>>> print(open('model_0.cif').read())   # mmCIF, C-alpha atoms
data_protein
#
loop_
_atom_site.group_PDB
_atom_site.id
_atom_site.type_symbol
_atom_site.label_atom_id
_atom_site.label_comp_id
_atom_site.auth_asym_id
_atom_site.auth_seq_id
_atom_site.Cartn_x
_atom_site.Cartn_y
_atom_site.Cartn_z
ATOM 1 C CA MET Q 1 118.159 -4.049 23.643
ATOM 2 C CA LEU Q 2 115.008 -2.786 21.977
ATOM 3 C CA GLU Q 3 112.217 -5.342 21.539
ATOM 4 C CA ILE Q 4 111.855 -4.666 17.821
ATOM 5 C CA VAL Q 5 112.678 -6.090 14.410
ATOM 6 C CA VAL Q 6 114.165 -3.660 11.885
ATOM 7 C CA LYS Q 7 113.707 -4.418 8.175
ATOM 8 C CA THR Q 8 115.574 -2.449 5.512
ATOM 9 C CA GLU Q 9 114.933 -1.875 1.819
ATOM 10 C CA ASN Q 10 117.969 -3.968 0.867
ATOM 11 C CA GLY Q 11 116.548 -7.044 2.627
ATOM 12 C CA GLU Q 12 118.382 -6.931 5.962
ATOM 13 C CA ARG Q 13 116.562 -8.049 9.099
ATOM 14 C CA HIS Q 14 117.879 -6.969 12.493
ATOM 15 C CA VAL Q 15 116.330 -8.502 15.637
ATOM 16 C CA ARG Q 16 116.532 -6.846 19.086
ATOM 17 C CA VAL Q 17 118.938 -4.067 18.198
ATOM 18 C CA SER Q 18 120.471 -1.607 20.638
ATOM 19 C CA GLU Q 19 119.615 2.099 20.558
ATOM 20 C CA GLY Q 20 123.006 2.733 18.968
ATOM 21 C CA GLU Q 21 122.405 0.137 16.271
ATOM 22 C CA LEU Q 22 119.009 1.619 15.443
ATOM 23 C CA ALA Q 23 120.577 5.072 15.238
ATOM 24 C CA GLY Q 24 123.246 3.752 12.877
ATOM 25 C CA LEU Q 25 120.629 2.217 10.584
ATOM 26 C CA VAL Q 26 118.670 5.488 10.470
ATOM 27 C CA ARG Q 27 121.780 7.512 9.650
ATOM 28 C CA ARG Q 28 122.734 5.031 6.937
ATOM 29 C CA ILE Q 29 119.642 5.263 4.766
ATOM 30 C CA GLY Q 30 119.494 7.589 1.779
ATOM 31 C CA GLY Q 31 121.334 5.828 -1.043
ATOM 32 C CA ASP Q 32 119.946 3.786 -3.923
ATOM 33 C CA GLY Q 33 118.387 0.549 -2.701
ATOM 34 C CA ASP Q 34 118.677 1.616 0.931
ATOM 35 C CA ARG Q 35 116.217 4.457 1.423
ATOM 36 C CA PHE Q 36 113.797 3.164 4.041
ATOM 37 C CA LEU Q 37 113.466 0.981 7.098
ATOM 38 C CA VAL Q 38 110.482 -0.428 8.954
ATOM 39 C CA ILE Q 39 110.385 -1.331 12.643
ATOM 40 C CA GLN Q 40 107.919 -3.767 14.188
ATOM 41 C CA ARG Q 41 107.388 -4.793 17.771
ATOM 42 C CA ILE Q 42 108.299 -8.191 19.207
ATOM 43 C CA PRO Q 43 106.003 -9.990 18.946
ATOM 44 C CA ASP Q 44 104.799 -8.473 15.694
ATOM 45 C CA LEU Q 45 101.239 -7.130 15.835
ATOM 46 C CA PRO Q 46 98.992 -6.684 12.772
ATOM 47 C CA ASP Q 47 99.179 -3.152 11.328
ATOM 48 C CA VAL Q 48 101.397 -1.847 14.126
ATOM 49 C CA PHE Q 49 104.683 -0.406 12.881
ATOM 50 C CA ALA Q 50 106.815 2.686 12.356
ATOM 51 C CA GLN Q 51 108.857 3.460 9.265
ATOM 52 C CA VAL Q 52 111.046 6.128 7.700
ATOM 53 C CA TRP Q 53 111.967 6.989 4.105
ATOM 54 C CA HIS Q 54 114.868 9.239 3.133
ATOM 55 C CA LYS Q 55 116.716 10.211 -0.038
ATOM 56 C CA ALA Q 56 120.151 11.731 0.464
ATOM 57 C CA GLY Q 57 119.920 15.524 0.470
ATOM 58 C CA GLY Q 58 116.224 15.625 1.382
ATOM 59 C CA ASP Q 59 114.023 15.471 4.455
ATOM 60 C CA TYR Q 60 112.948 12.319 6.270
ATOM 61 C CA THR Q 61 109.364 11.058 5.937
ATOM 62 C CA LEU Q 62 108.195 9.334 9.107
ATOM 63 C CA GLU Q 63 105.077 7.196 9.476
ATOM 64 C CA TYR Q 64 103.521 5.105 12.197
ATOM 65 C CA ARG Q 65 100.382 2.995 12.334
ATOM 66 C CA ASP Q 66 98.578 1.877 15.438
ATOM 67 C CA GLY Q 67 96.297 -0.856 14.144
ATOM 68 C CA ALA Q 68 93.310 0.522 12.247
ATOM 69 C CA ALA Q 69 93.480 2.495 9.001
ATOM 70 C CA ASP Q 70 92.320 5.645 10.837
ATOM 71 C CA ARG Q 71 95.384 5.409 13.092
ATOM 72 C CA HIS Q 72 98.025 5.882 10.371
ATOM 73 C CA PHE Q 73 100.056 9.087 10.710
ATOM 74 C CA GLN Q 74 102.840 10.860 8.820
ATOM 75 C CA ALA Q 75 105.385 13.548 9.670
ATOM 76 C CA THR Q 76 108.456 15.191 8.132
ATOM 77 C CA ALA Q 77 111.788 15.619 9.891
ATOM 78 C CA GLY Q 78 114.827 17.568 8.791
ATOM 79 C CA SER Q 79 117.529 15.603 10.591
ATOM 80 C CA PRO Q 80 118.315 11.998 11.512
ATOM 81 C CA GLU Q 81 118.488 12.940 15.200
ATOM 82 C CA VAL Q 82 114.778 13.800 15.239
ATOM 83 C CA VAL Q 83 113.982 10.499 13.520
ATOM 84 C CA ILE Q 84 116.169 8.537 15.915
ATOM 85 C CA ALA Q 85 114.494 10.113 18.941
ATOM 86 C CA ALA Q 86 111.012 9.359 17.587
ATOM 87 C CA MET Q 87 111.765 5.772 16.546
ATOM 88 C CA THR Q 88 113.568 4.964 19.780
ATOM 89 C CA GLY Q 89 110.676 6.387 21.785
ATOM 90 C CA TRP Q 90 108.218 4.336 19.716
ATOM 91 C CA ALA Q 91 110.279 1.195 20.277
ATOM 92 C CA ARG Q 92 110.354 1.816 24.027
ATOM 93 C CA GLN Q 93 106.642 2.727 24.061
ATOM 94 C CA GLU Q 94 107.496 5.884 25.966
ATOM 95 C CA ALA Q 95 104.730 8.323 26.823
ATOM 96 C CA GLY Q 96 104.835 11.346 24.528
ATOM 97 C CA TRP Q 97 107.347 9.779 22.129
ATOM 98 C CA HIS Q 98 105.633 11.447 19.134
ATOM 99 C CA SER Q 99 105.750 15.009 20.502
ATOM 100 C CA GLY Q 100 108.996 15.976 18.754
ATOM 101 C CA VAL Q 101 107.371 16.338 15.312
ATOM 102 C CA THR Q 102 104.012 17.394 13.884
ATOM 103 C CA TRP Q 103 101.930 14.448 12.738
ATOM 104 C CA SER Q 104 99.058 14.429 10.259
ATOM 105 C CA LEU Q 105 96.513 11.679 9.645
ATOM 106 C CA LEU Q 106 96.989 9.811 6.369
ATOM 107 C CA ASP Q 107 93.817 8.975 4.453
ATOM 108 C CA MET Q 108 94.137 5.247 3.830
ATOM 109 C CA GLY Q 109 90.614 4.920 2.452
ATOM 110 C CA PRO Q 110 87.845 2.703 3.843
ATOM 111 C CA ALA Q 111 88.786 -0.583 5.447
ATOM 112 C CA ARG Q 112 88.387 -3.476 3.040
ATOM 113 C CA GLU Q 113 85.869 -6.158 3.918
ATOM 114 C CA VAL Q 114 87.240 -9.690 4.008
ATOM 115 C CA PRO Q 115 84.666 -12.254 2.856
ATOM 116 C CA PRO Q 116 84.206 -15.250 5.171
ATOM 117 C CA LEU Q 117 85.890 -18.508 4.247
ATOM 118 C CA ASP Q 118 83.721 -20.729 2.072
ATOM 119 C CA LEU Q 119 84.906 -24.035 3.533
ATOM 120 C CA GLY Q 120 83.270 -27.076 5.003
ATOM 121 C CA GLU Q 121 83.820 -27.767 8.686
ATOM 122 C CA ASP Q 122 86.348 -30.542 7.978
ATOM 123 C CA GLU Q 123 88.447 -28.385 5.648
ATOM 124 C CA ARG Q 124 88.287 -25.411 7.977
ATOM 125 C CA ALA Q 125 89.392 -27.546 10.915
ATOM 126 C CA GLU Q 126 92.209 -29.105 8.882
ATOM 127 C CA LEU Q 127 93.455 -25.695 7.736
ATOM 128 C CA GLU Q 128 93.382 -24.138 11.198
ATOM 129 C CA LYS Q 129 95.058 -27.202 12.702
ATOM 130 C CA ARG Q 130 98.001 -26.947 10.300
ATOM 131 C CA VAL Q 131 98.412 -23.190 10.733
ATOM 132 C CA ARG Q 132 98.346 -23.612 14.516
ATOM 133 C CA GLU Q 133 100.976 -26.372 14.348
ATOM 134 C CA VAL Q 134 103.372 -24.086 12.498
ATOM 135 C CA LEU Q 135 102.442 -21.164 14.740
ATOM 136 C CA VAL Q 136 103.224 -23.127 17.905
ATOM 137 C CA GLY Q 137 106.542 -24.143 16.348
ATOM 138 C CA GLY Q 138 107.391 -20.475 16.704
ATOM 139 C CA TYR Q 139 109.653 -19.838 13.721
ATOM 140 C CA ALA Q 140 107.149 -18.579 11.134
ATOM 141 C CA SER Q 141 106.349 -14.908 10.612
ATOM 142 C CA ARG Q 142 102.830 -13.596 10.123
ATOM 143 C CA ALA Q 143 103.522 -13.317 6.395
ATOM 144 C CA GLU Q 144 104.728 -16.924 6.226
ATOM 145 C CA LEU Q 145 101.649 -18.136 8.101
ATOM 146 C CA ALA Q 146 99.411 -16.257 5.672
ATOM 147 C CA GLU Q 147 101.212 -17.858 2.739
ATOM 148 C CA LEU Q 148 100.730 -21.285 4.309
ATOM 149 C CA ALA Q 149 97.020 -20.617 4.878
ATOM 150 C CA GLU Q 150 96.570 -19.478 1.269
ATOM 151 C CA GLU Q 151 98.352 -22.459 -0.289
ATOM 152 C CA TYR Q 152 97.497 -25.339 2.040
ATOM 153 C CA LEU Q 153 94.194 -26.379 0.420
ATOM 154 C CA VAL Q 154 95.135 -25.515 -3.162
ATOM 155 C CA ALA Q 155 94.294 -28.187 -5.718
ATOM 156 C CA GLU Q 156 94.852 -28.263 -9.454
ATOM 157 C CA ASP Q 157 91.596 -26.472 -10.228
ATOM 158 C CA ARG Q 158 90.771 -24.884 -6.863
ATOM 159 C CA ARG Q 159 92.126 -22.064 -4.671
ATOM 160 C CA PRO Q 160 89.560 -21.847 -1.861
ATOM 161 C CA VAL Q 161 91.418 -19.296 0.316
ATOM 162 C CA SER Q 162 92.243 -15.820 -1.005
ATOM 163 C CA ARG Q 163 95.266 -13.836 0.142
ATOM 164 C CA ARG Q 164 93.143 -11.470 2.230
ATOM 165 C CA GLN Q 165 91.273 -14.378 3.840
ATOM 166 C CA ALA Q 166 94.573 -16.089 4.574
ATOM 167 C CA GLU Q 167 95.986 -12.944 6.186
ATOM 168 C CA ALA Q 168 92.874 -12.539 8.332
ATOM 169 C CA LEU Q 169 93.071 -16.158 9.495
ATOM 170 C CA ALA Q 170 96.800 -15.961 10.214
ATOM 171 C CA ASP Q 171 96.395 -12.704 12.143
ATOM 172 C CA ARG Q 172 93.539 -14.095 14.249
ATOM 173 C CA LEU Q 173 95.483 -17.192 15.257
ATOM 174 C CA TRP Q 174 98.665 -15.147 15.732
ATOM 175 C CA LEU Q 175 96.937 -12.804 18.195
ATOM 176 C CA GLU Q 176 95.546 -15.806 20.092
ATOM 177 C CA ARG Q 177 99.097 -17.084 20.525
ATOM 178 C CA VAL Q 178 100.369 -13.648 21.552
ATOM 179 C CA GLY Q 179 97.724 -13.655 24.276
ATOM 180 C CA GLU Q 180 98.822 -17.102 25.437
ATOM 181 C CA GLN Q 181 102.494 -16.205 25.631
ATOM 182 C CA ALA Q 182 101.737 -13.069 27.638
ATOM 183 C CA GLU Q 183 101.124 -15.440 30.567
ATOM 184 C CA TRP Q 184 104.521 -17.152 30.283
ATOM 185 C CA ARG Q 185 107.111 -16.280 32.881
ATOM 186 C CA GLY Q 186 110.852 -16.800 32.891
ATOM 187 C CA GLU Q 187 113.097 -18.538 30.394
ATOM 188 C CA THR Q 188 111.395 -21.188 28.247
ATOM 189 C CA ASP Q 189 112.897 -24.456 27.009
ATOM 190 C CA PRO Q 190 113.282 -23.171 23.414
ATOM 191 C CA GLU Q 191 115.155 -20.149 24.793
ATOM 192 C CA ARG Q 192 117.442 -22.503 26.701
ATOM 193 C CA LEU Q 193 117.976 -24.418 23.478
ATOM 194 C CA THR Q 194 118.905 -21.217 21.634
ATOM 195 C CA ARG Q 195 121.375 -20.388 24.410
ATOM 196 C CA ALA Q 196 122.961 -23.836 24.097
ATOM 197 C CA PHE Q 197 123.250 -23.482 20.314
ATOM 198 C CA ALA Q 198 124.913 -20.079 20.738
ATOM 199 C CA ALA Q 199 127.507 -21.656 23.074
ATOM 200 C CA LEU Q 200 128.127 -24.433 20.554
ATOM 201 C CA ARG Q 201 128.725 -21.904 17.781
ATOM 202 C CA GLU Q 202 131.249 -20.134 19.996
ATOM 203 C CA ALA Q 203 132.990 -23.492 20.440
ATOM 204 C CA GLY Q 204 133.294 -24.121 16.699
ATOM 205 C CA ILE Q 205 130.147 -26.178 16.091
ATOM 206 C CA THR Q 206 127.762 -24.995 13.369
ATOM 207 C CA ALA Q 207 124.350 -24.973 15.082
ATOM 208 C CA ARG Q 208 121.109 -24.235 13.236
ATOM 209 C CA GLU Q 209 117.501 -24.223 14.444
ATOM 210 C CA ASN Q 210 114.553 -25.202 12.227
ATOM 211 C CA PHE Q 211 117.019 -25.752 9.376
ATOM 212 C CA THR Q 212 115.586 -27.027 6.050
ATOM 213 C CA CYS Q 213 112.473 -29.167 5.579
ATOM 214 C CA CYS Q 214 113.854 -32.648 6.232
ATOM 215 C CA ARG Q 215 116.936 -34.729 7.073
ATOM 216 C CA ASN Q 216 117.980 -35.288 3.452
ATOM 217 C CA CYS Q 217 117.996 -31.556 2.717
ATOM 218 C CA GLY Q 218 119.668 -30.794 6.030
ATOM 219 C CA GLN Q 219 122.511 -33.238 5.482
ATOM 220 C CA SER Q 220 123.122 -31.950 1.958
ATOM 221 C CA GLU Q 221 123.058 -28.262 2.930
ATOM 222 C CA ILE Q 222 124.630 -28.061 6.388
ATOM 223 C CA GLY Q 223 128.151 -28.120 4.963
ATOM 224 C CA GLU Q 224 127.541 -24.766 3.289
ATOM 225 C CA GLU Q 225 126.687 -23.283 6.696
ATOM 226 C CA GLY Q 226 129.995 -24.098 8.333
ATOM 227 C CA GLY Q 227 132.265 -21.129 8.951
ATOM 228 C CA PRO Q 228 136.064 -21.102 9.037
ATOM 229 C CA GLY Q 229 137.361 -23.520 11.643
ATOM 230 C CA ALA Q 230 134.017 -25.260 12.224
ATOM 231 C CA ARG Q 231 134.646 -28.853 13.349
ATOM 232 C CA GLY Q 232 131.140 -30.168 13.152
ATOM 233 C CA PHE Q 233 127.441 -29.379 13.165
ATOM 234 C CA VAL Q 234 124.133 -29.860 14.925
ATOM 235 C CA TYR Q 235 120.680 -28.938 13.658
ATOM 236 C CA PHE Q 236 117.016 -29.850 13.634
ATOM 237 C CA HIS Q 237 114.686 -29.525 10.652
ATOM 238 C CA THR Q 238 111.082 -28.351 10.419
ATOM 239 C CA GLN Q 239 109.632 -31.836 10.881
ATOM 240 C CA CYS Q 240 111.585 -32.050 14.140
ATOM 241 C CA THR Q 241 110.101 -28.686 15.132
ATOM 242 C CA ASP Q 242 106.590 -30.012 14.470
ATOM 243 C CA SER Q 243 107.286 -33.023 16.708
ATOM 244 C CA ALA Q 244 108.636 -30.828 19.495
ATOM 245 C CA ALA Q 245 105.621 -28.512 19.273
ATOM 246 C CA ALA Q 246 103.372 -31.585 19.528
ATOM 247 C CA GLY Q 247 105.059 -32.592 22.785
ATOM 248 C CA GLN Q 248 107.167 -35.441 21.416
ATOM 249 C CA GLY Q 249 110.624 -34.114 22.238
ATOM 250 C CA LEU Q 250 113.183 -32.742 19.809
ATOM 251 C CA MET Q 251 115.532 -34.815 17.659
ATOM 252 C CA LEU Q 252 118.937 -33.245 16.984
ATOM 253 C CA LEU Q 253 121.119 -34.319 14.065
ATOM 254 C CA TYR Q 254 124.851 -33.828 14.381
ATOM 255 C CA GLY Q 255 128.157 -34.831 12.876
ATOM 256 C CA GLY Q 256 131.732 -33.911 12.051
ATOM 257 C CA PHE Q 257 132.691 -32.143 8.855
ATOM 258 C CA ASP Q 258 135.521 -34.626 8.323
ATOM 259 C CA GLY Q 259 132.981 -37.472 8.141
ATOM 260 C CA SER Q 260 134.710 -39.623 10.756
ATOM 261 C CA SER Q 261 132.783 -41.483 13.437
ATOM 262 C CA GLU Q 262 135.282 -40.267 16.041
ATOM 263 C CA THR Q 263 134.591 -36.598 15.294
ATOM 264 C CA THR Q 264 130.844 -37.245 15.097
ATOM 265 C CA ALA Q 265 130.895 -38.887 18.528
ATOM 266 C CA ALA Q 266 132.939 -36.014 19.954
ATOM 267 C CA VAL Q 267 130.440 -33.502 18.568
ATOM 268 C CA GLY Q 268 127.593 -35.533 20.072
ATOM 269 C CA HIS Q 269 129.226 -35.312 23.503
ATOM 270 C CA GLU Q 270 129.675 -31.543 23.116
ATOM 271 C CA VAL Q 271 126.031 -31.132 22.119
ATOM 272 C CA VAL Q 272 124.796 -33.114 25.119
ATOM 273 C CA ALA Q 273 127.069 -31.160 27.478
ATOM 274 C CA ALA Q 274 125.878 -27.800 26.109
ATOM 275 C CA LEU Q 275 122.239 -28.800 26.506
ATOM 276 C CA GLU Q 276 122.723 -30.064 30.041
ATOM 277 C CA ALA Q 277 124.575 -26.853 30.921
ATOM 278 C CA VAL Q 278 121.390 -24.851 30.255
ATOM 279 C CA GLY Q 279 119.153 -27.275 32.128
ATOM 280 C CA LEU Q 280 117.820 -29.446 29.297
ATOM 281 C CA ARG Q 281 117.747 -33.238 29.557
ATOM 282 C CA THR Q 282 118.755 -35.535 26.715
ATOM 283 C CA GLU Q 283 118.537 -39.160 25.635
ATOM 284 C CA TRP Q 284 121.558 -40.489 23.752
ATOM 285 C CA ASP Q 285 123.287 -43.861 23.877
ATOM 286 C CA ARG Q 286 126.666 -42.395 22.769
ATOM 287 C CA ASP Q 287 126.309 -44.111 19.401
ATOM 288 C CA PRO Q 288 127.458 -41.633 16.683
ATOM 289 C CA GLY Q 289 124.883 -43.202 14.364
ATOM 290 C CA GLN Q 290 121.971 -42.229 16.627
ATOM 291 C CA ALA Q 291 120.375 -38.817 17.055
ATOM 292 C CA VAL Q 292 120.335 -36.892 20.322
ATOM 293 C CA THR Q 293 116.806 -36.367 21.649
ATOM 294 C CA VAL Q 294 115.912 -33.513 23.976
ATOM 295 C CA THR Q 295 113.183 -34.779 26.303
ATOM 296 C CA PRO Q 296 111.128 -33.942 28.258
ATOM 297 C CA LEU Q 297 110.616 -30.597 26.550
ATOM 298 C CA ASP Q 298 108.023 -27.896 27.167
ATOM 299 C CA TRP Q 299 107.901 -26.247 23.743
ATOM 300 C CA ARG Q 300 106.851 -22.637 24.322
ATOM 301 C CA ARG Q 301 108.743 -20.575 21.768
ATOM 302 C CA ARG Q 302 107.981 -16.878 21.874
ATOM 303 C CA LEU Q 303 106.889 -15.301 18.610
ATOM 304 C CA VAL Q 304 108.981 -12.658 16.913
ATOM 305 C CA GLY Q 305 107.478 -11.911 13.480
#
>>> encode(input="model_0.cif", output="structure tokens")
Amino acid sequence: MLEIVVKTENGERHVRVSEGELAGLVRRIGGDGDRFLVIQRIPDLPDVFAQVWHKAGGDYTLEYRDGAADRHFQATAGSPEVVIAAMTGWARQEAGWHSGVTWSLLDMGPAREVPPLDLGEDERAELEKRVREVLVGGYASRAELAELAEEYLVAEDRRPVSRRQAEALADRLWLERVGEQAEWRGETDPERLTRAFAALREAGITARENFTCCRNCGQSEIGEEGGPGARGFVYFHTQCTDSAAAGQGLMLLYGGFDGSSETTAAVGHEVVAALEAVGLRTEWDRDPGQAVTVTPLDWRRRLVG
């Protein structure tokens, strides 16, 4: 699999695609509402991407950017095969990947200055603390972190953080976290959790990570997530994610779609078994009215973007 995220004009988001899947997406573009795709690395890095635009019957316009505005290049290709070769090489970070086409530097204009934040020390610390909490949770994208940073201190008559300031703050903290995770080795506990949830879905249990903002919303919306033949569900909401990221373990909510205590208890047993199968420990007293808690838990979730 390629360590990239592919985003399409029609709103699709494909994570860690194969070379064949990337090729299929490139060959597909050209029709109304589906004329371009953008690929980003995992983890996403500010202003590092490749993209292609194509209208059926015409050439392909390729671009890539390598950070700064003076590292933004464009090329034209006459066939999807040339595009596929270039984008696959970019995704694999192969030496000489760009040699198959002729690139020209795009003039993006001078870099825009971002004014420093005009915040007191307490507000600045509060803002950075909240952005870091969500960042460590590991589910937010850079764009979502920037939105959080922009809106967090908003009051009725005050918007102290501009969009550009918010993006700069989010990118700085994001890159700090990318540096931290570069030192991680092996499978992390959140990756084990994801593996357990995948096994539960295969077994007919609807399993969702970081699902909704709270328990009330989760309980009211989880039924819409269940596919054909799903017997029950398990999920954790964003407040649970915050607790896990703070080192307090992870609370899992579960139940049966038929509403019976017998099915709920059976689902609880399946959840515990799936977690233990991937090496995670749980606390649960077998009471269907009590949540399953995953603890101890070393919450190091790798960023995607």
>>> residues_around(input="model_0.cif", residues="Asp47 in chain Q", least_positions_apart="5", cutoff="8 Å", atoms="all atoms listed in the file", output="ChimeraX atom specification")
/Q:65-68
>>> residues_around(input="model_0.cif", residues="Val178 in chain Q", least_positions_apart="5", cutoff="12 Å", atoms="only C-alpha atoms", output="list of chain:residue names")
Q:Arg41, Q:Ile42, Q:Pro43, Q:Asp44, Q:Leu45, Q:Pro46, Q:Leu135, Q:Val136, Q:Gly138, Q:Arg142, Q:Asp171, Q:Arg172, Q:Leu173, Q:Glu183, Q:Trp184, Q:Arg300, Q:Arg301, Q:Arg302, Q:Leu303, Q:Val304, Q:Gly305
>>> residues_around(input="model_0.cif", residues="range 224-233 of chain Q", least_positions_apart="5", cutoff="12 Å", atoms="all atoms listed in the file", output="MDAnalysis selection string")
chainID Q and resid 197 200:209 211:212 217:219 252:271
>>> write_last_selection(input="model_0.cif", atoms="C-alpha atoms", output="JSON list (two decimals), in the coordinates of the input")
[["chain", "number", "residue", "atom", "x", "y", "z"],
["Q", 197, "PHE", "CA", 123.25, -23.48, 20.31],
["Q", 200, "LEU", "CA", 128.13, -24.43, 20.55],
["Q", 201, "ARG", "CA", 128.72, -21.90, 17.78],
["Q", 202, "GLU", "CA", 131.25, -20.13, 20.00],
["Q", 203, "ALA", "CA", 132.99, -23.49, 20.44],
["Q", 204, "GLY", "CA", 133.29, -24.12, 16.70],
["Q", 205, "ILE", "CA", 130.15, -26.18, 16.09],
["Q", 206, "THR", "CA", 127.76, -25.00, 13.37],
["Q", 207, "ALA", "CA", 124.35, -24.97, 15.08],
["Q", 208, "ARG", "CA", 121.11, -24.24, 13.24],
["Q", 209, "GLU", "CA", 117.50, -24.22, 14.44],
["Q", 211, "PHE", "CA", 117.02, -25.75, 9.38],
["Q", 212, "THR", "CA", 115.59, -27.03, 6.05],
["Q", 217, "CYS", "CA", 118.00, -31.56, 2.72],
["Q", 218, "GLY", "CA", 119.67, -30.79, 6.03],
["Q", 219, "GLN", "CA", 122.51, -33.24, 5.48],
["Q", 252, "LEU", "CA", 118.94, -33.24, 16.98],
["Q", 253, "LEU", "CA", 121.12, -34.32, 14.06],
["Q", 254, "TYR", "CA", 124.85, -33.83, 14.38],
["Q", 255, "GLY", "CA", 128.16, -34.83, 12.88],
["Q", 256, "GLY", "CA", 131.73, -33.91, 12.05],
["Q", 257, "PHE", "CA", 132.69, -32.14, 8.86],
["Q", 258, "ASP", "CA", 135.52, -34.63, 8.32],
["Q", 259, "GLY", "CA", 132.98, -37.47, 8.14],
["Q", 260, "SER", "CA", 134.71, -39.62, 10.76],
["Q", 261, "SER", "CA", 132.78, -41.48, 13.44],
["Q", 262, "GLU", "CA", 135.28, -40.27, 16.04],
["Q", 263, "THR", "CA", 134.59, -36.60, 15.29],
["Q", 264, "THR", "CA", 130.84, -37.24, 15.10],
["Q", 265, "ALA", "CA", 130.90, -38.89, 18.53],
["Q", 266, "ALA", "CA", 132.94, -36.01, 19.95],
["Q", 267, "VAL", "CA", 130.44, -33.50, 18.57],
["Q", 268, "GLY", "CA", 127.59, -35.53, 20.07],
["Q", 269, "HIS", "CA", 129.23, -35.31, 23.50],
["Q", 270, "GLU", "CA", 129.68, -31.54, 23.12],
["Q", 271, "VAL", "CA", 126.03, -31.13, 22.12]]
>>> resolve_selection(input="model_0.cif", expression="the PyMOL selection byres ((chain Q and resi 8) around 9)", output="VMD selection string")
chain Q and resid 6 to 7 9 to 14 25 29 34 to 39
>>> closest_residue(input="model_0.cif", among="Q:Gly223, Q:Gly279, Q:Gly186, Q:Gly249", to="Val294 in chain Q", atoms="all atoms listed in the file")
Q:Gly249
>>> resolve_selection(input="model_0.cif", expression="the PyMOL selection byres ((chain Q and resi 130) around 12)", output="PyMOL selection string")
chain Q and resi 123-129+131-137+145-146+148-153+169-170+173+242+245-246
>>> residues_near_point(input="model_0.cif", point="(84.8, -19.0, 6.3)", cutoff="12 Å", atoms="only C-alpha atoms", output="list in words")
Val114, Pro115, Pro116, Leu117, Asp118, Leu119, Gly120, Glu121, Asp122, Glu123, Arg124, Ala125, Leu127, Glu128, Pro160, Val161, Ser162, Arg164, Gln165, Ala166, Ala168 and Leu169 of chain Q
>>> atom_distance(input="model_0.cif", atom1="CA of Leu106 in chain Q", atom2="CA of Gln74 in chain Q")
6.4 Å
>>> atom_distance(input="model_0.cif", atom1="CA of Leu193 in chain Q", atom2="CA of Arg92 in chain Q")
27.3 Å
>>> axis_aligned_box(input="model_0.cif", around="range 47-57 of chain Q", padding_each_side="3 Å", output="AutoDock Vina command-line options")
--center_x 109.7 --center_y 6.2 --center_z 7.0 --size_x 27.0 --size_y 24.7 --size_z 20.2
>>> atom_distance(input="model_0.cif", atom1="CA of Pro296 in chain Q", atom2="CA of Asp189 in chain Q")
9.7 Å
>>> decode(input="model_0.cif", residues="range 104-121 of chain Q", atoms="C-alpha atoms", output="compact mmCIF listing (two decimals), in the first residue's frame")
# COMPACT_ATOMS: atom_id res chain seq x y z
CA SER Q 104 8.04 24.45 -14.93
CA LEU Q 105 8.03 26.61 -11.81
CA LEU Q 106 4.67 28.20 -11.02
CA ASP Q 107 4.78 31.80 -9.81
CA MET Q 108 2.76 31.70 -6.61
CA GLY Q 109 3.65 35.26 -5.63
CA PRO Q 110 5.43 36.35 -2.44
CA ALA Q 111 4.84 34.38 0.72
CA ARG Q 112 2.23 36.02 2.92
CA GLU Q 113 3.32 37.21 6.34
CA VAL Q 114 1.29 35.86 9.24
CA PRO Q 115 0.97 38.40 12.07
CA PRO Q 116 1.81 37.07 15.55
CA LEU Q 117 -1.04 36.15 17.85
CA ASP Q 118 -2.21 39.05 19.99
CA LEU Q 119 -3.06 36.98 23.08
CA GLY Q 120 -2.17 37.10 26.72
CA GLU Q 121 -0.06 34.28 28.11
